[in-house]
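J.: Dropping in data_0.csv, which is CSV, C-alpha atoms:
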```csv
chain,number,residue,atom,x,y,z
A,1,MET,CA,0.0,0.0,0.0
A,2,THR,CA,1.5,3.4,-1.0
A,3,LYS,CA,0.9,6.6,0.8
A,4,TYR,CA,-0.3,8.5,-2.3
A,5,ASP,CA,-3.0,7.3,-4.7
A,6,LYS,CA,-1.3,6.1,-7.9
A,7,ALA,CA,-4.4,7.1,-10.0
A,8,VAL,CA,-3.8,10.8,-9.1
A,9,SER,CA,0.0,10.8,-9.1
A,10,VAL,CA,2.4,12.2,-11.7
A,11,CYS,CA,6.2,11.7,-12.0
A,12,PHE,CA,8.8,13.7,-13.9
A,13,SER,CA,11.7,12.5,-15.9
A,14,GLY,CA,14.1,14.4,-18.2
A,15,HIS,CA,17.6,15.1,-19.2
A,16,ARG,CA,20.2,16.6,-16.8
A,17,SER,CA,21.3,19.0,-19.4
A,18,VAL,CA,18.7,21.6,-20.4
A,19,PRO,CA,20.1,24.3,-22.6
A,20,PHE,CA,20.3,27.5,-20.6
A,21,ALA,CA,18.4,29.4,-23.3
A,22,LYS,CA,15.4,27.0,-23.0
A,23,ARG,CA,15.1,26.9,-19.2
A,24,ARG,CA,12.7,29.7,-18.7
A,25,GLU,CA,10.4,28.5,-21.5
A,26,LEU,CA,10.6,24.9,-20.3
A,27,LYS,CA,9.7,26.0,-16.7
A,28,GLN,CA,6.6,27.8,-18.2
A,29,CYS,CA,5.7,24.7,-20.1
A,30,LEU,CA,6.1,22.6,-16.9
A,31,LYS,CA,3.8,25.0,-15.0
A,32,SER,CA,1.2,24.8,-17.7
A,33,GLU,CA,1.4,21.0,-17.8
A,34,ILE,CA,1.3,20.7,-14.0
A,35,ALA,CA,-1.8,22.9,-13.9
A,36,LYS,CA,-3.4,20.8,-16.6
A,37,ALA,CA,-2.6,17.6,-14.7
A,38,TYR,CA,-4.1,19.3,-11.6
A,39,ALA,CA,-7.3,20.2,-13.5
A,40,ASP,CA,-7.4,16.5,-14.6
A,41,GLY,CA,-7.5,15.5,-10.9
A,42,TYR,CA,-3.8,14.8,-10.2
A,43,ARG,CA,-2.5,15.9,-6.8
A,44,TYR,CA,0.8,14.1,-6.1
A,45,PHE,CA,4.0,15.0,-8.1
A,46,TYR,CA,7.0,12.8,-7.7
A,47,CYS,CA,10.4,14.4,-8.5
A,48,GLY,CA,13.6,12.4,-8.8
A,49,MET,CA,15.8,15.3,-7.7
A,50,ALA,CA,18.5,15.0,-10.5
A,51,MET,CA,20.1,18.1,-11.9
A,52,GLY,CA,18.5,19.8,-14.9
A,53,PHE,CA,14.9,18.9,-15.7
A,54,ASP,CA,14.0,17.2,-12.4
A,55,LEU,CA,14.9,20.3,-10.3
A,56,LEU,CA,13.1,22.6,-12.8
A,57,ALA,CA,10.0,20.4,-12.5
A,58,ALA,CA,10.2,20.5,-8.7
A,59,GLU,CA,10.5,24.3,-8.7
A,60,ALA,CA,7.6,24.6,-11.2
A,61,ALA,CA,5.4,22.4,-9.1
A,62,LEU,CA,6.3,24.1,-5.8
A,63,SER,CA,5.7,27.5,-7.4
A,64,LEU,CA,2.0,26.5,-8.1
A,65,GLN,CA,1.2,25.3,-4.6
A,66,SER,CA,-0.1,28.7,-3.4
A,67,GLU,CA,-2.9,28.6,-6.1
A,68,LEU,CA,-3.4,24.8,-6.4
A,69,LYS,CA,-4.1,24.1,-2.7
A,70,ASP,CA,-3.8,20.4,-2.3
A,71,LEU,CA,-0.9,19.8,-4.7
A,72,LEU,CA,1.9,17.8,-3.0
A,73,VAL,CA,5.5,17.5,-4.2
A,74,ILE,CA,7.3,14.4,-3.2
A,75,ALA,CA,11.1,14.3,-3.6
A,76,VAL,CA,12.4,10.8,-4.4
A,77,VAL,CA,16.1,10.7,-3.5
A,78,PRO,CA,17.9,7.7,-5.0
A,79,PHE,CA,20.7,7.8,-2.3
A,80,ARG,CA,21.6,10.1,0.6
A,81,CYS,CA,24.2,12.7,-0.3
A,82,GLN,CA,23.0,12.6,-4.0
A,83,SER,CA,24.2,16.2,-4.5
A,84,ASP,CA,27.7,15.9,-2.9
A,85,ARG,CA,29.7,16.0,-6.1
A,86,TRP,CA,27.6,18.8,-7.7
A,87,SER,CA,28.6,22.4,-8.0
A,88,LYS,CA,27.9,24.7,-5.0
A,89,GLU,CA,25.1,26.4,-7.0
A,90,GLU,CA,23.3,23.2,-7.9
A,91,GLN,CA,23.7,21.9,-4.3
A,92,ALA,CA,22.2,25.1,-2.9
A,93,LYS,CA,19.2,24.7,-5.3
A,94,TYR,CA,18.8,21.0,-4.4
A,95,ASP,CA,18.9,21.8,-0.6
A,96,ALA,CA,16.4,24.6,-0.9
A,97,ILE,CA,14.0,22.4,-2.8
A,98,LEU,CA,14.4,19.5,-0.2
A,99,ARG,CA,13.6,21.9,2.6
A,100,ILE,CA,10.2,22.9,1.1
A,101,VAL,CA,8.8,19.7,-0.5
A,102,ASP,CA,5.9,18.0,1.2
A,103,ASP,CA,7.6,14.7,1.6
A,104,VAL,CA,11.1,13.2,1.0
A,105,VAL,CA,11.7,9.5,0.3
A,106,VAL,CA,15.3,8.4,0.5
A,107,LEU,CA,15.6,5.0,-1.2
A,108,SER,CA,19.2,4.1,-0.2
A,109,GLU,CA,21.7,5.2,2.4
A,110,GLN,CA,24.5,5.0,-0.2
A,111,TYR,CA,25.1,5.0,-3.9
A,112,TYR,CA,25.1,1.7,-5.7
A,113,ASN,CA,25.2,0.8,-9.4
A,114,GLY,CA,21.6,1.0,-10.7
A,115,CYS,CA,20.2,3.1,-7.9
A,116,LEU,CA,19.1,5.9,-10.3
A,117,LEU,CA,17.1,3.4,-12.3
A,118,ARG,CA,15.5,2.0,-9.1
A,119,ARG,CA,14.5,5.6,-8.3
A,120,ASN,CA,12.9,5.9,-11.7
A,121,ASP,CA,11.1,2.6,-11.2
A,122,TYR,CA,9.8,3.7,-7.8
A,123,MET,CA,8.2,6.8,-9.3
A,124,VAL,CA,6.8,5.1,-12.4
A,125,ASN,CA,5.3,2.3,-10.3
A,126,ARG,CA,3.5,4.9,-8.2
A,127,SER,CA,2.2,7.1,-11.0
A,128,SER,CA,-0.3,7.1,-13.8
A,129,ARG,CA,1.1,10.0,-15.7
A,130,LEU,CA,4.7,10.9,-16.7
A,131,ILE,CA,5.7,14.5,-17.6
A,132,ALA,CA,9.0,14.1,-19.5
A,133,TYR,CA,11.7,16.1,-21.3
A,134,PHE,CA,12.9,13.4,-23.7
A,135,ASP,CA,14.9,14.0,-26.9
A,136,GLY,CA,14.3,10.5,-28.3
A,137,ASN,CA,17.9,9.3,-27.8
A,138,PRO,CA,17.6,5.5,-27.1
A,139,LYS,CA,19.9,5.4,-24.1
A,140,GLY,CA,20.1,6.8,-20.6
A,141,GLY,CA,17.8,7.2,-17.6
A,142,THR,CA,15.1,9.2,-19.3
A,143,PHE,CA,14.9,6.7,-22.2
A,144,TYR,CA,14.6,3.9,-19.6
A,145,THR,CA,11.9,5.7,-17.7
A,146,VAL,CA,9.8,6.7,-20.8
A,147,ARG,CA,10.0,3.1,-22.0
A,148,GLU,CA,9.0,1.7,-18.6
A,149,ALA,CA,6.1,4.2,-18.4
A,150,LYS,CA,4.9,3.1,-21.9
A,151,ARG,CA,5.1,-0.5,-20.8
A,152,GLN,CA,3.0,0.2,-17.8
A,153,GLY,CA,0.5,2.2,-19.7
A,154,LEU,CA,1.1,5.6,-18.1
A,155,ASP,CA,-0.2,8.7,-19.8
A,156,ILE,CA,3.0,10.3,-21.2
A,157,VAL,CA,3.4,14.0,-21.9
A,158,ASN,CA,6.8,14.9,-23.6
A,159,LEU,CA,7.7,18.6,-23.4
A,160,HIS,CA,10.9,18.2,-25.5
A,161,ASN,CA,9.3,19.5,-28.7
A,162,SER,CA,7.4,22.3,-26.9
A,163,VAL,CA,10.5,24.4,-26.3
```
Please go through the file and, once you have read it, give me the structure as structure tokens.
T.:
Amino acid sequence: MTKYDKAVSVCFSGHRSVPFAKRRELKQCLKSEIAKAYADGYRYFYCGMAMGFDLLAAEAALSLQSELKDLLVIAVVPFRCQSDRWSKEEQAKYDAILRIVDDVVVLSEQYYNGCLLRRNDYMVNRSSRLIAYFDGNPKGGTFYTVREAKRQGLDIVNLHNSV
């Protein structure tokens, strides 16, 4: 039994590198897509907390909480100290988000080979919609997650061609 209803849960997956010139536009697309999901009855938003798209998605969802009252943001951290090797700027953003999300799920105390994919599985298994930023490249974590979401029949929205 999971804490949040899968039928009204969304997860995010996207590439770590989002071109700087596209970030503002992508964040607007995310806000619009999150608001659409909310209008469709979705209330729980799982974020994998990776650099790039994940953190943008978390920021976008959190920024809508004042108007979308019962929207919850759940950070799914693949392993404790995930951000230790990131730049100071990225670490600060990560820490700020972790402080204000509604729930934090830490899946492992330390890094192990495959833990990022297990994080993606955790989110897909608990969601019925995926909001992705996927360029179509058939390798990597986002490819894996989109493929798994398709296999499980999730409703998939890809923002890659929207920006």
J.: How far is it from CA of Arg16 in chain A to CA of Leu68 in chain A, in Å with one decimal?
T.: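 Between CA of Arg16 in chain A and CA of Leu68 in chain A the gap is 27.1 Å.
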J.: If we draw a sphere of 12 Å around (18.9, 19.5, -6.6), which residues have at least one atom in it when counting all atoms listed in the file? Please report them as an MDAnalysis selection string.
T.: chainID A and resid 16 47:59 75:78 81:99 101
J.: Which residue is closest to Glu67 in chain A? Choose from A:Tyr46, A:Tyr38, A:Tyr133, A:Phe79 and count only C-alpha atoms.
T.: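 Among the listed residues, A:Tyr38 lies closest to Glu67 in chain A.
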J.: What separation in Å, quoted to one decimal, exists between CA of Leu30 in chain A and CA of Ser127 in chain A?
T.: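 We find that CA of Leu30 in chain A and CA of Ser127 in chain A lie 17.0 Å from each other.
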J.: Please identify all polymer residues lying at most 12 Å from the point (6.8, 10.9, -8.8) (file coordinates), using all atoms listed in the file, and present the result as a ChimeraX atom specification.
T.: /A:4-13,42-49,54,57-58,61,72-77,103-105,119-132,145,149
J.: Can you measure CA of Pro138 in chain A to CA of Gly114 in chain A for me? One decimal in Å is fine.
T.: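 Separation of CA of Pro138 in chain A and CA of Gly114 in chain A: 17.5 Å.
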J.: Check the smallest atom-to-atom distance from each of A:Ala37, A:Leu107, A:Asp70, A:Ala60 to Glu25 in chain A using all atoms listed in the file, then report the winner.
T.: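 Looking only at the distances to Glu25 in chain A, the closest residue turns out to be A:Ala60.
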J.: Using all atoms listed in the file, pick whichever of A:Lys69, A:His15, A:Lys3, A:Gly41 has the shortest atom-to-atom distance to Gly140 in chain A.
T.: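 Looking only at the distances to Gly140 in chain A, the closest residue turns out to be A:His15.
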J.: Of the residues A:Arg118, A:Ala39, A:His160, A:Arg80, which is the one nearest to Asn137 in chain A, using only C-alpha atoms?
T.: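 Smallest distance to Asn137 in chain A is found for A:His160.
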